[in-house]
file entry_31.pdb (PDB, C-alpha atoms)
ATOM      1  CA  LYS A   1      19.793  11.581   5.468  1.00  0.00           C
ATOM      2  CA  CYS A   2      16.538  13.189   6.550  1.00  0.00           C
ATOM      3  CA  TRP A   3      14.786  14.453   3.419  1.00  0.00           C
ATOM      4  CA  SER A   4      11.729  15.765   5.273  1.00  0.00           C
ATOM      5  CA  LEU A   5      13.690  18.369   7.280  1.00  0.00           C
ATOM      6  CA  ALA A   6      13.680  20.551   4.154  1.00  0.00           C
ATOM      7  CA  GLU A   7       9.877  20.501   4.347  1.00  0.00           C
ATOM      8  CA  GLY A   8       9.798  21.397   8.033  1.00  0.00           C
ATOM      9  CA  TYR A   9       9.195  17.925   9.468  1.00  0.00           C
ATOM     10  CA  PRO A  10      11.496  15.393  11.134  1.00  0.00           C
ATOM     11  CA  CYS A  11      12.183  11.953   9.749  1.00  0.00           C
ATOM     12  CA  CYS A  12      10.371   9.109  11.472  1.00  0.00           C
ATOM     13  CA  GLU A  13      12.434   7.521  14.234  1.00  0.00           C
ATOM     14  CA  LYS A  14      10.545   4.311  15.011  1.00  0.00           C
ATOM     15  CA  LYS A  15      11.146   1.228  12.866  1.00  0.00           C
ATOM     16  CA  GLY A  16       7.474   0.262  13.047  1.00  0.00           C
ATOM     17  CA  THR A  17       6.016   3.554  11.766  1.00  0.00           C
ATOM     18  CA  LYS A  18       3.697   2.882   8.823  1.00  0.00           C
ATOM     19  CA  VAL A  19       3.235   4.925   5.646  1.00  0.00           C
ATOM     20  CA  ARG A  20       0.068   6.996   6.084  1.00  0.00           C
ATOM     21  CA  HIS A  21       0.341   9.214   2.992  1.00  0.00           C
ATOM     22  CA  VAL A  22       2.316   9.371  -0.254  1.00  0.00           C
ATOM     23  CA  SER A  23       2.700  12.868  -1.718  1.00  0.00           C
ATOM     24  CA  LYS A  24       2.552  13.614  -5.459  1.00  0.00           C
ATOM     25  CA  ASN A  25       6.363  13.630  -5.651  1.00  0.00           C
ATOM     26  CA  GLY A  26       6.498  10.120  -4.144  1.00  0.00           C
ATOM     27  CA  ASN A  27       7.626  11.090  -0.645  1.00  0.00           C
ATOM     28  CA  GLU A  28       6.181   8.793   1.998  1.00  0.00           C
ATOM     29  CA  TRP A  29       4.846  10.177   5.276  1.00  0.00           C
ATOM     30  CA  GLY A  30       4.118   8.583   8.620  1.00  0.00           C
ATOM     31  CA  VAL A  31       2.826   9.919  11.925  1.00  0.00           C
ATOM     32  CA  GLU A  32       4.770   9.910  15.201  1.00  0.00           C
ATOM     33  CA  HIS A  33       3.947  11.882  18.334  1.00  0.00           C
ATOM     34  CA  GLY A  34       0.789  13.157  16.625  1.00  0.00           C
ATOM     35  CA  ASP A  35       2.638  14.884  13.762  1.00  0.00           C
ATOM     36  CA  TRP A  36       3.858  14.033  10.268  1.00  0.00           C
ATOM     37  CA  CYS A  37       7.326  12.589   9.744  1.00  0.00           C
ATOM     38  CA  GLY A  38       9.259  11.441   6.695  1.00  0.00           C
ATOM     39  CA  ILE A  39       9.511   7.697   6.087  1.00  0.00           C
ATOM     40  CA  THR A  40      13.083   6.495   5.533  1.00  0.00           C
ATOM     41  CA  ASP A  41      14.725   3.125   4.915  1.00  0.00           C
ATOM     42  CA  LEU A  42      14.553   2.554   8.665  1.00  0.00           C
ATOM     43  CA  GLN A  43      10.837   1.807   8.319  1.00  0.00           C
ATOM     44  CA  ARG A  44      11.251  -0.451   5.325  1.00  0.00           C
ATOM     45  CA  CYS A  45      12.880  -3.760   4.719  1.00  0.00           C
ATOM     46  CA  PRO A  46      16.464  -3.958   3.391  1.00  0.00           C
ATOM     47  CA  ASP A  47      15.477  -4.550  -0.235  1.00  0.00           C
ATOM     48  CA  TYR A  48      12.295  -2.474  -0.271  1.00  0.00           C
ATOM     49  CA  GLY A  49      11.516  -1.352  -3.808  1.00  0.00           C
ATOM     50  CA  LYS A  50      13.197  -4.303  -5.488  1.00  0.00           C
ATOM     51  CA  TYR A  51      11.112  -6.824  -3.551  1.00  0.00           C
ATOM     52  CA  GLU A  52       8.035  -6.667  -1.417  1.00  0.00           C
ATOM     53  CA  CYS A  53       8.508  -6.686   2.339  1.00  0.00           C
ATOM     54  CA  CYS A  54       7.438  -9.976   3.888  1.00  0.00           C
ATOM     55  CA  LYS A  55       4.350  -9.953   6.070  1.00  0.00           C
ATOM     56  CA  SER A  56       5.876 -12.522   8.413  1.00  0.00           C
ATOM     57  CA  CYS A  57       9.320 -12.833   9.955  1.00  0.00           C
ATOM     58  CA  LYS A  58       9.947 -16.413   8.816  1.00  0.00           C
ATOM     59  CA  VAL A  59      13.465 -16.488   7.343  1.00  0.00           C
ATOM     60  CA  LYS A  60      14.134 -18.930   4.478  1.00  0.00           C
ATOM     61  CA  HIS A  61      17.560 -17.661   3.390  1.00  0.00           C
ATOM     62  CA  ILE A  62      20.334 -15.333   4.575  1.00  0.00           C
ATOM     63  CA  SER A  63      22.385 -13.768   1.762  1.00  0.00           C
ATOM     64  CA  LYS A  64      26.153 -13.238   1.826  1.00  0.00           C
ATOM     65  CA  SER A  65      25.488  -9.556   2.571  1.00  0.00           C
ATOM     66  CA  GLY A  66      23.459 -10.563   5.634  1.00  0.00           C
ATOM     67  CA  ASN A  67      20.023  -9.651   4.304  1.00  0.00           C
ATOM     68  CA  THR A  68      17.265 -12.031   5.303  1.00  0.00           C
ATOM     69  CA  TRP A  69      14.718 -13.420   2.877  1.00  0.00           C
ATOM     70  CA  GLY A  70      11.406 -15.168   3.085  1.00  0.00           C
ATOM     71  CA  VAL A  71       8.978 -16.690   0.597  1.00  0.00           C
ATOM     72  CA  GLU A  72       5.331 -15.671   0.496  1.00  0.00           C
ATOM     73  CA  ASP A  73       2.798 -16.487  -2.218  1.00  0.00           C
ATOM     74  CA  GLY A  74       5.568 -18.294  -4.098  1.00  0.00           C
ATOM     75  CA  LYS A  75       7.763 -15.170  -4.349  1.00  0.00           C
ATOM     76  CA  TRP A  76      10.904 -14.036  -2.545  1.00  0.00           C
ATOM     77  CA  CYS A  77      10.333 -11.196  -0.119  1.00  0.00           C
ATOM     78  CA  SER A  78      12.619  -9.109   2.064  1.00  0.00           C
ATOM     79  CA  ILE A  79      12.318  -9.668   5.820  1.00  0.00           C
ATOM     80  CA  PRO A  80      11.330  -6.324   7.391  1.00  0.00           C
ATOM     81  CA  TYR A  81      13.572  -4.509   9.832  1.00  0.00           C
ATOM     82  CA  ARG A  82      10.833  -4.840  12.466  1.00  0.00           C
ATOM     83  CA  CYS A  83      11.602  -8.571  12.599  1.00  0.00           C
ATOM     84  CA  GLU A  84      15.099  -7.951  14.038  1.00  0.00           C
ATOM     85  CA  LYS A  85      13.624  -7.163  17.437  1.00  0.00           C
ATOM     86  CA  GLU A  86      11.501 -10.325  17.341  1.00  0.00           C
ATOM     87  CA  GLU A  87      14.462 -12.716  17.014  1.00  0.00           C
TER      88      GLU A  87
END

call {"tool": "encode", "arguments": {"input": "entry_31.pdb", "output": "structure tokens"}}
result
Amino acid sequence: KCWSLAEGYPCCEKKGTKVRHVSKNGNEWGVEHGDWCGITDLQRCPDYGKYECCKSCKVKHISKSGNTWGVEDGKWCSIPYRCEKEE
């Protein structure tokens, strides 16, 4: 679902697009093709929000659901989607 269409902007399409701005209502925005786009789960890791996204792609555990996990600074972190293309 593309939430940003209602505001006149497309959702971001590239997995690696970074959050450049967070609006007052909590919507996250990135920039692609020189224009704003709405950040979706595509740009985040599978368990973003519950856990931090890992900085690295080093997998320590794969859950039954298939999500990949790492450990950084002594805490579990969710392996980002961007790591899928690096395998």

call {"tool": "residues_near_point", "arguments": {"input": "entry_31.pdb", "point": "(14.8, -6.0, -0.1)", "cutoff": "7 Å", "atoms": "all atoms listed in the file", "output": "short mmCIF file (atom, residue, chain, number, x, y, z; two decimals) with C-alpha atoms, keeping the file's coordinate frame"}}
result
data_model
loop_
_atom_site.label_atom_id
_atom_site.label_comp_id
_atom_site.auth_asym_id
_atom_site.auth_seq_id
_atom_site.Cartn_x
_atom_site.Cartn_y
_atom_site.Cartn_z
CA CYS A 45 12.88 -3.76 4.72
CA PRO A 46 16.46 -3.96 3.39
CA ASP A 47 15.48 -4.55 -0.24
CA TYR A 48 12.30 -2.47 -0.27
CA GLY A 49 11.52 -1.35 -3.81
CA LYS A 50 13.20 -4.30 -5.49
CA TYR A 51 11.11 -6.82 -3.55
CA GLU A 52 8.04 -6.67 -1.42
CA CYS A 53 8.51 -6.69 2.34
CA CYS A 77 10.33 -11.20 -0.12
CA SER A 78 12.62 -9.11 2.06
#

call {"tool": "resolve_selection", "arguments": {"input": "entry_31.pdb", "expression": "the PyMOL selection byres ((chain A and resi 15) around 9)", "output": "list of chain:residue names"}}
result
A:Cys12, A:Glu13, A:Lys14, A:Gly16, A:Thr17, A:Lys18, A:Asp41, A:Leu42, A:Gln43, A:Arg44, A:Tyr81, A:Arg82

call {"tool": "closest_residue", "arguments": {"input": "entry_31.pdb", "among": "A:Gly74, A:Gly66, A:Ile79, A:Val31", "to": "Cys54 (chain A)", "atoms": "all atoms listed in the file"}}
result
A:Ile79

call {"tool": "closest_residue", "arguments": {"input": "entry_31.pdb", "among": "A:Cys83, A:Ile39, A:Cys11, A:Val22", "to": "Gly70 (chain A)", "atoms": "only C-alpha atoms"}}
result
A:Cys83

call {"tool": "residues_around", "arguments": {"input": "entry_31.pdb", "residues": "Trp29 (chain A)", "least_positions_apart": "5", "cutoff": "8 Å", "atoms": "all atoms listed in the file", "output": "PyMOL selection string"}}
result
chain A and resi 19-23+36-39

call {"tool": "atom_distance", "arguments": {"input": "entry_31.pdb", "atom1": "CA of Lys55 (chain A)", "atom2": "CA of Thr40 (chain A)"}}
result
18.6 Å

call {"tool": "atom_distance", "arguments": {"input": "entry_31.pdb", "atom1": "CA of Glu32 (chain A)", "atom2": "CA of Leu5 (chain A)"}}
result
14.6 Å

call {"tool": "axis_aligned_box", "arguments": {"input": "entry_31.pdb", "around": "region 21-25 of chain A", "padding_each_side": "6 Å", "output": "JSON"}}
result
{"center_x": 3.4, "center_y": 11.4, "center_z": -1.3, "size_x": 18.0, "size_y": 16.4, "size_z": 20.6}

call {"tool": "atom_distance", "arguments": {"input": "entry_31.pdb", "atom1": "CA of Asp35 (chain A)", "atom2": "CA of Glu84 (chain A)"}}
result
26.0 Å

call {"tool": "closest_residue", "arguments": {"input": "entry_31.pdb", "among": "A:Ile62, A:Asp73, A:Gly30, A:Cys57", "to": "Ser4 (chain A)", "atoms": "only C-alpha atoms"}}
result
A:Gly30

call {"tool": "build_atoms", "arguments": {"input": "entry_31.pdb", "residues": "region 7-33 of chain A", "atoms": "N, CA, C and O atoms", "output": "mmCIF file, in the coordinates of the input"}}
result
data_model
loop_
_atom_site.group_PDB
_atom_site.id
_atom_site.type_symbol
_atom_site.label_atom_id
_atom_site.label_comp_id
_atom_site.auth_asym_id
_atom_site.auth_seq_id
_atom_site.Cartn_x
_atom_site.Cartn_y
_atom_site.Cartn_z
ATOM 1 N N GLU A 7 11.292 20.149 4.414
ATOM 2 C CA GLU A 7 9.877 20.501 4.347
ATOM 3 C C GLU A 7 9.321 20.865 5.723
ATOM 4 O O GLU A 7 8.114 21.026 5.893
ATOM 5 N N GLY A 8 10.218 20.959 6.707
ATOM 6 C CA GLY A 8 9.798 21.397 8.033
ATOM 7 C C GLY A 8 9.334 20.301 8.971
ATOM 8 O O GLY A 8 8.747 20.580 10.010
ATOM 9 N N TYR A 9 9.609 19.051 8.633
ATOM 10 C CA TYR A 9 9.195 17.925 9.468
ATOM 11 C C TYR A 9 10.381 17.001 9.712
ATOM 12 O O TYR A 9 11.238 16.845 8.846
ATOM 13 N N PRO A 10 10.407 16.342 10.865
ATOM 14 C CA PRO A 10 11.496 15.393 11.134
ATOM 15 C C PRO A 10 11.290 14.089 10.374
ATOM 16 O O PRO A 10 10.186 13.825 9.875
ATOM 17 N N CYS A 11 12.344 13.310 10.274
ATOM 18 C CA CYS A 11 12.183 11.953 9.749
ATOM 19 C C CYS A 11 11.642 11.066 10.869
ATOM 20 O O CYS A 11 11.882 11.319 12.052
ATOM 21 N N CYS A 12 10.913 10.051 10.499
ATOM 22 C CA CYS A 12 10.371 9.109 11.472
ATOM 23 C C CYS A 12 11.525 8.392 12.163
ATOM 24 O O CYS A 12 12.542 8.090 11.531
ATOM 25 N N GLU A 13 11.368 8.123 13.445
ATOM 26 C CA GLU A 13 12.434 7.521 14.234
ATOM 27 C C GLU A 13 12.168 6.075 14.626
ATOM 28 O O GLU A 13 13.083 5.355 14.966
ATOM 29 N N LYS A 14 10.899 5.663 14.588
ATOM 30 C CA LYS A 14 10.545 4.311 15.011
ATOM 31 C C LYS A 14 10.512 3.375 13.808
ATOM 32 O O LYS A 14 9.951 3.700 12.767
ATOM 33 N N LYS A 15 11.118 2.198 13.966
ATOM 34 C CA LYS A 15 11.146 1.228 12.866
ATOM 35 C C LYS A 15 9.749 0.821 12.425
ATOM 36 O O LYS A 15 9.520 0.572 11.257
ATOM 37 N N GLY A 16 8.812 0.758 13.359
ATOM 38 C CA GLY A 16 7.474 0.262 13.047
ATOM 39 C C GLY A 16 6.499 1.287 12.511
ATOM 40 O O GLY A 16 5.343 0.966 12.267
ATOM 41 N N THR A 17 6.921 2.527 12.282
ATOM 42 C CA THR A 17 6.016 3.554 11.766
ATOM 43 C C THR A 17 5.575 3.196 10.349
ATOM 44 O O THR A 17 6.386 2.853 9.502
ATOM 45 N N LYS A 18 4.277 3.263 10.116
ATOM 46 C CA LYS A 18 3.697 2.882 8.823
ATOM 47 C C LYS A 18 3.512 4.097 7.926
ATOM 48 O O LYS A 18 3.317 5.211 8.401
ATOM 49 N N VAL A 19 3.521 3.874 6.620
ATOM 50 C CA VAL A 19 3.235 4.925 5.646
ATOM 51 C C VAL A 19 1.751 5.268 5.741
ATOM 52 O O VAL A 19 0.898 4.396 5.621
ATOM 53 N N ARG A 20 1.455 6.544 5.984
ATOM 54 C CA ARG A 20 0.068 6.996 6.084
ATOM 55 C C ARG A 20 -0.347 7.831 4.873
ATOM 56 O O ARG A 20 -1.528 8.019 4.620
ATOM 57 N N HIS A 21 0.642 8.364 4.148
ATOM 58 C CA HIS A 21 0.341 9.214 2.992
ATOM 59 C C HIS A 21 1.539 9.217 2.050
ATOM 60 O O HIS A 21 2.683 9.196 2.496
ATOM 61 N N VAL A 22 1.270 9.225 0.759
ATOM 62 C CA VAL A 22 2.316 9.371 -0.254
ATOM 63 C C VAL A 22 1.997 10.643 -1.033
ATOM 64 O O VAL A 22 0.915 10.767 -1.618
ATOM 65 N N SER A 23 2.926 11.610 -1.013
ATOM 66 C CA SER A 23 2.700 12.868 -1.718
ATOM 67 C C SER A 23 2.891 12.688 -3.224
ATOM 68 O O SER A 23 3.404 11.659 -3.677
ATOM 69 N N LYS A 24 2.488 13.696 -3.994
ATOM 70 C CA LYS A 24 2.552 13.614 -5.459
ATOM 71 C C LYS A 24 3.969 13.353 -5.963
ATOM 72 O O LYS A 24 4.156 12.728 -6.989
ATOM 73 N N ASN A 25 4.975 13.828 -5.227
ATOM 74 C CA ASN A 25 6.363 13.630 -5.651
ATOM 75 C C ASN A 25 6.919 12.280 -5.201
ATOM 76 O O ASN A 25 8.087 11.982 -5.420
ATOM 77 N N GLY A 26 6.092 11.458 -4.547
ATOM 78 C CA GLY A 26 6.498 10.120 -4.144
ATOM 79 C C GLY A 26 7.040 10.011 -2.731
ATOM 80 O O GLY A 26 7.335 8.917 -2.263
ATOM 81 N N ASN A 27 7.161 11.147 -2.037
ATOM 82 C CA ASN A 27 7.626 11.090 -0.645
ATOM 83 C C ASN A 27 6.587 10.397 0.226
ATOM 84 O O ASN A 27 5.385 10.630 0.083
ATOM 85 N N GLU A 28 7.066 9.548 1.113
ATOM 86 C CA GLU A 28 6.181 8.793 1.998
ATOM 87 C C GLU A 28 6.195 9.423 3.381
ATOM 88 O O GLU A 28 7.252 9.772 3.908
ATOM 89 N N TRP A 29 5.009 9.537 3.973
ATOM 90 C CA TRP A 29 4.846 10.177 5.276
ATOM 91 C C TRP A 29 4.216 9.226 6.279
ATOM 92 O O TRP A 29 3.334 8.451 5.946
ATOM 93 N N GLY A 30 4.694 9.317 7.507
ATOM 94 C CA GLY A 30 4.118 8.583 8.620
ATOM 95 C C GLY A 30 3.707 9.575 9.688
ATOM 96 O O GLY A 30 3.865 10.788 9.524
ATOM 97 N N VAL A 31 3.196 9.066 10.796
ATOM 98 C CA VAL A 31 2.826 9.919 11.925
ATOM 99 C C VAL A 31 3.472 9.366 13.185
ATOM 100 O O VAL A 31 3.342 8.178 13.491
ATOM 101 N N GLU A 32 4.204 10.228 13.894
ATOM 102 C CA GLU A 32 4.770 9.910 15.201
ATOM 103 C C GLU A 32 4.518 11.101 16.112
ATOM 104 O O GLU A 32 4.612 12.252 15.671
ATOM 105 N N HIS A 33 4.203 10.827 17.345
ATOM 106 C CA HIS A 33 3.947 11.882 18.334
ATOM 107 C C HIS A 33 2.872 12.849 17.851
ATOM 108 O O HIS A 33 2.936 14.045 18.112
#
